[in-house]
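J.: Before I ask anything, let me first share the structure, which is written out below as structure tokens.
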Amino acid sequence: MFKKLESKKRNVQIAEQIIASIQDSTYKPGEKLPPERMIAEQIGVSRPSVREALCALEMVGLLESRVGDGTYVRSTDPLSTRAQARAILEMSESPFEVLDARRILESTVATIAAERAEQADLELMQDALSLMKQATQEKDDDAYLHANIDFHIGVVKGAKNSYLESVITPLIRTMEDRLSRAMRKSYLTENEQGRNAYKIHERIFRAIRNGDSRAAKKEMEEHFRDVETYLSEDYKSGGDTSSENGTRGNQRRMVNR
């Protein structure tokens, strides 16, 4: 069903192939798409790229993700959503590439902040943590996202390096673009993930406050790896197990096509 990509922006091409499969009735409204892993293998791309495309198509109403079940075709008019999905993907940075860059940079910054952060910086982080905790308890994803951004900016400020701050702050701010927000909120929506995310930020803060540069770096790296792993897994489509719960027909259809 799906084809290898040409040299264009990958997530856009993936979205267009999924739209085409709906237009030609390979997948009809109400039917479930194959798991991300299967789509990624057929197209020859990474699962994060597939996740970005699916997320954009869900944002414009073409698809619907059902937690613990799968991703279903929702709209009967893919043509009306093509331009919208393309705009979202073209105008947004890849959340996974941004997370990878942030992991590399912010783990180093956390190390430096543990050595240089002043009381004002620690207070900024502490205030952000308090808001994150409150947002977690109230299940307010938007408030959590804003407090999360403030916390990470506080860590950067604690490193006392204006050049690093000018480079990293825009990366942190990309969390506010449409695609990043949608994908990040899906991570925060799960209660257990939200609680775990707050706890690891608390450990990062504690390491910086205690001047433990090694622990600060370790905790920051673990935080980003946790987010990357969670967002790239088939947590909505049920991973490989979904193929045993209703996608065998999809598998045969793709093989025979």
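In the structure tokens, each chain is lettered A, B, ... as it comes, each chain's residues begin at 1, and ligands are numbered from 1 in order of appearance.
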Neighbours of Val98 (chain A) within 12 Å (only C-alpha atoms; same-chain residues fewer than 6 positions away dropped), as a VMD selection string?
T.: chain A and resid 92 104 to 106 168 to 175 177 179 to 180 224 227 to 228
J.: Can you list, as a list in words, every protein, DNA or RNA residue that comes within 12 Å of Arg184 (chain A) when you count only C-alpha atoms, leaving out same-chain residues fewer than 6 positions away?
T.: Arg51, Glu52, Cys55, Pro95, Phe96, Leu99, Asp141, Asp142, Tyr144, Leu145, His146, Asn148, Ile149, Thr174, Met175, Glu176, Asp177, Arg178, Glu190, Gln193, Gly194, Ala197, Phe224, Val227, Glu228, Tyr230, Leu231 and Ser232 of chain A
J.: If you keep N, CA, C and O atoms, can you produce a file of those selected residues as an mmCIF file, in the first residue's frame?
T.:
```cif
data_model
loop_
_atom_site.group_PDB
_atom_site.id
_atom_site.type_symbol
_atom_site.label_atom_id
_atom_site.label_comp_id
_atom_site.auth_asym_id
_atom_site.auth_seq_id
_atom_site.Cartn_x
_atom_site.Cartn_y
_atom_site.Cartn_z
ATOM 1 N N ARG A 51 4.683 9.147 13.369
ATOM 2 C CA ARG A 51 3.922 9.737 14.485
ATOM 3 C C ARG A 51 3.582 11.191 14.199
ATOM 4 O O ARG A 51 2.466 11.644 14.453
ATOM 5 N N GLU A 52 4.539 11.956 13.643
ATOM 6 C CA GLU A 52 4.288 13.362 13.326
ATOM 7 C C GLU A 52 3.175 13.491 12.295
ATOM 8 O O GLU A 52 2.282 14.339 12.427
ATOM 9 N N CYS A 55 -0.211 12.566 13.826
ATOM 10 C CA CYS A 55 -0.654 13.597 14.754
ATOM 11 C C CYS A 55 -1.254 14.788 13.997
ATOM 12 O O CYS A 55 -2.298 15.320 14.376
ATOM 13 N N PRO A 95 9.299 17.680 16.298
ATOM 14 C CA PRO A 95 9.444 17.590 17.754
ATOM 15 C C PRO A 95 10.568 16.657 18.176
ATOM 16 O O PRO A 95 11.246 16.895 19.177
ATOM 17 N N PHE A 96 10.785 15.597 17.402
ATOM 18 C CA PHE A 96 11.810 14.622 17.780
ATOM 19 C C PHE A 96 13.219 15.174 17.554
ATOM 20 O O PHE A 96 14.125 14.933 18.349
ATOM 21 N N LEU A 99 13.739 17.662 20.364
ATOM 22 C CA LEU A 99 14.015 16.970 21.627
ATOM 23 C C LEU A 99 15.430 16.421 21.661
ATOM 24 O O LEU A 99 16.105 16.480 22.697
ATOM 25 N N ASP A 141 -3.256 20.595 31.257
ATOM 26 C CA ASP A 141 -2.107 20.369 30.368
ATOM 27 C C ASP A 141 -1.460 21.667 29.910
ATOM 28 O O ASP A 141 -0.237 21.759 29.808
ATOM 29 N N ASP A 142 -2.284 22.676 29.619
ATOM 30 C CA ASP A 142 -1.730 23.942 29.144
ATOM 31 C C ASP A 142 -0.900 24.621 30.232
ATOM 32 O O ASP A 142 0.189 25.131 29.967
ATOM 33 N N TYR A 144 0.572 23.152 32.702
ATOM 34 C CA TYR A 144 1.779 22.350 32.901
ATOM 35 C C TYR A 144 2.818 22.686 31.831
ATOM 36 O O TYR A 144 4.004 22.842 32.123
ATOM 37 N N LEU A 145 2.362 22.801 30.599
ATOM 38 C CA LEU A 145 3.279 23.090 29.496
ATOM 39 C C LEU A 145 3.986 24.424 29.704
ATOM 40 O O LEU A 145 5.210 24.521 29.546
ATOM 41 N N HIS A 146 3.240 25.453 30.105
ATOM 42 C CA HIS A 146 3.845 26.767 30.325
ATOM 43 C C HIS A 146 4.832 26.736 31.493
ATOM 44 O O HIS A 146 5.925 27.308 31.419
ATOM 45 N N ASN A 148 6.422 24.127 32.565
ATOM 46 C CA ASN A 148 7.544 23.295 32.121
ATOM 47 C C ASN A 148 8.552 24.135 31.344
ATOM 48 O O ASN A 148 9.772 24.025 31.546
ATOM 49 N N ILE A 149 8.038 24.973 30.446
ATOM 50 C CA ILE A 149 8.906 25.862 29.675
ATOM 51 C C ILE A 149 9.670 26.793 30.613
ATOM 52 O O ILE A 149 10.884 26.986 30.475
ATOM 53 N N THR A 174 9.943 26.148 21.015
ATOM 54 C CA THR A 174 9.273 25.405 19.937
ATOM 55 C C THR A 174 8.210 24.465 20.485
ATOM 56 O O THR A 174 7.352 23.992 19.745
ATOM 57 N N MET A 175 8.256 24.207 21.793
ATOM 58 C CA MET A 175 7.207 23.392 22.404
ATOM 59 C C MET A 175 5.847 24.040 22.244
ATOM 60 O O MET A 175 4.813 23.384 22.408
ATOM 61 N N GLU A 176 5.827 25.337 21.922
ATOM 62 C CA GLU A 176 4.565 26.062 21.813
ATOM 63 C C GLU A 176 3.972 26.003 20.408
ATOM 64 O O GLU A 176 2.857 26.481 20.201
ATOM 65 N N ASP A 177 4.702 25.430 19.420
ATOM 66 C CA ASP A 177 4.096 25.361 18.097
ATOM 67 C C ASP A 177 3.060 24.231 18.068
ATOM 68 O O ASP A 177 3.008 23.367 18.939
ATOM 69 N N ARG A 178 2.194 24.243 17.073
ATOM 70 C CA ARG A 178 0.997 23.397 17.075
ATOM 71 C C ARG A 178 1.311 21.910 17.163
ATOM 72 O O ARG A 178 0.693 21.176 17.937
ATOM 73 N N GLU A 190 -1.672 11.326 30.090
ATOM 74 C CA GLU A 190 -1.705 10.114 30.899
ATOM 75 C C GLU A 190 -1.270 10.443 32.321
ATOM 76 O O GLU A 190 -0.180 10.966 32.540
ATOM 77 N N GLN A 193 2.211 9.245 33.454
ATOM 78 C CA GLN A 193 3.287 9.968 32.779
ATOM 79 C C GLN A 193 3.420 11.374 33.342
ATOM 80 O O GLN A 193 4.522 11.877 33.521
ATOM 81 N N GLY A 194 2.290 12.026 33.598
ATOM 82 C CA GLY A 194 2.333 13.375 34.160
ATOM 83 C C GLY A 194 3.018 13.405 35.509
ATOM 84 O O GLY A 194 3.843 14.276 35.789
ATOM 85 N N ALA A 197 6.734 12.786 35.061
ATOM 86 C CA ALA A 197 7.405 13.956 34.490
ATOM 87 C C ALA A 197 7.678 14.990 35.572
ATOM 88 O O ALA A 197 8.760 15.590 35.624
ATOM 89 N N PHE A 224 14.741 13.553 28.873
ATOM 90 C CA PHE A 224 14.500 13.662 27.430
ATOM 91 C C PHE A 224 14.376 12.298 26.770
ATOM 92 O O PHE A 224 13.576 12.122 25.850
ATOM 93 N N VAL A 227 10.810 11.093 27.354
ATOM 94 C CA VAL A 227 9.833 11.743 26.477
ATOM 95 C C VAL A 227 9.943 11.211 25.055
ATOM 96 O O VAL A 227 8.938 10.869 24.415
ATOM 97 N N GLU A 228 11.174 11.111 24.539
ATOM 98 C CA GLU A 228 11.385 10.626 23.179
ATOM 99 C C GLU A 228 10.862 9.210 23.009
ATOM 100 O O GLU A 228 10.202 8.878 22.019
ATOM 101 N N TYR A 230 8.605 7.605 24.843
ATOM 102 C CA TYR A 230 7.149 7.552 24.969
ATOM 103 C C TYR A 230 6.458 8.032 23.691
ATOM 104 O O TYR A 230 5.530 7.385 23.199
ATOM 105 N N LEU A 231 6.911 9.145 23.160
ATOM 106 C CA LEU A 231 6.247 9.706 21.979
ATOM 107 C C LEU A 231 6.469 8.879 20.725
ATOM 108 O O LEU A 231 5.676 8.949 19.788
ATOM 109 N N SER A 232 7.542 8.097 20.674
ATOM 110 C CA SER A 232 7.830 7.326 19.468
ATOM 111 C C SER A 232 7.237 5.934 19.513
ATOM 112 O O SER A 232 7.267 5.204 18.519
#
```
J.: What is the distance, in Å and to one decimal place, between CA of Tyr27 (chain A) and CA of Leu89 (chain A)?
T.: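 A separation of 22.1 Å between them.
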J.: Could you tell me which of A:Arg206, A:Arg214, A:Arg74, A:Arg86 comes closest to Leu129 (chain A) if we count only C-alpha atoms?
T.: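 Closest residue, counting only C-alpha atoms: A:Arg206.
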J.: Check the DSSP output for the backbone and give back, as a PyMOL selection string, the residues of region 25-250 of chain A in helix (DSSP H, G or I).
T.: chain A and resi 36-43+47-59+79-91+95-116+119-138+141-158+162-176+178-189+191-209+213-232+239-244+248-250
J.: Mind listing the strand (DSSP E or B) residues of region 21-248 of chain A, per DSSP on the backbone, as a VMD selection string?
T.: chain A and resid 32 63 to 66 70 to 73
J.: Considering only C-alpha atoms, state which residue in the set A:Ala53, A:Met38, A:Leu62, A:Met220 is at the smallest distance from Asp100 (chain A).
T.: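 The closest residue to Asp100 (chain A) is A:Met220.
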J.: For a quick check of understanding, using only C-alpha atoms, which of A:Ala110, A:Gly154, A:Gln126, A:Lys133 has the smallest distance to Gly211 (chain A)?
T.: A:Ala110
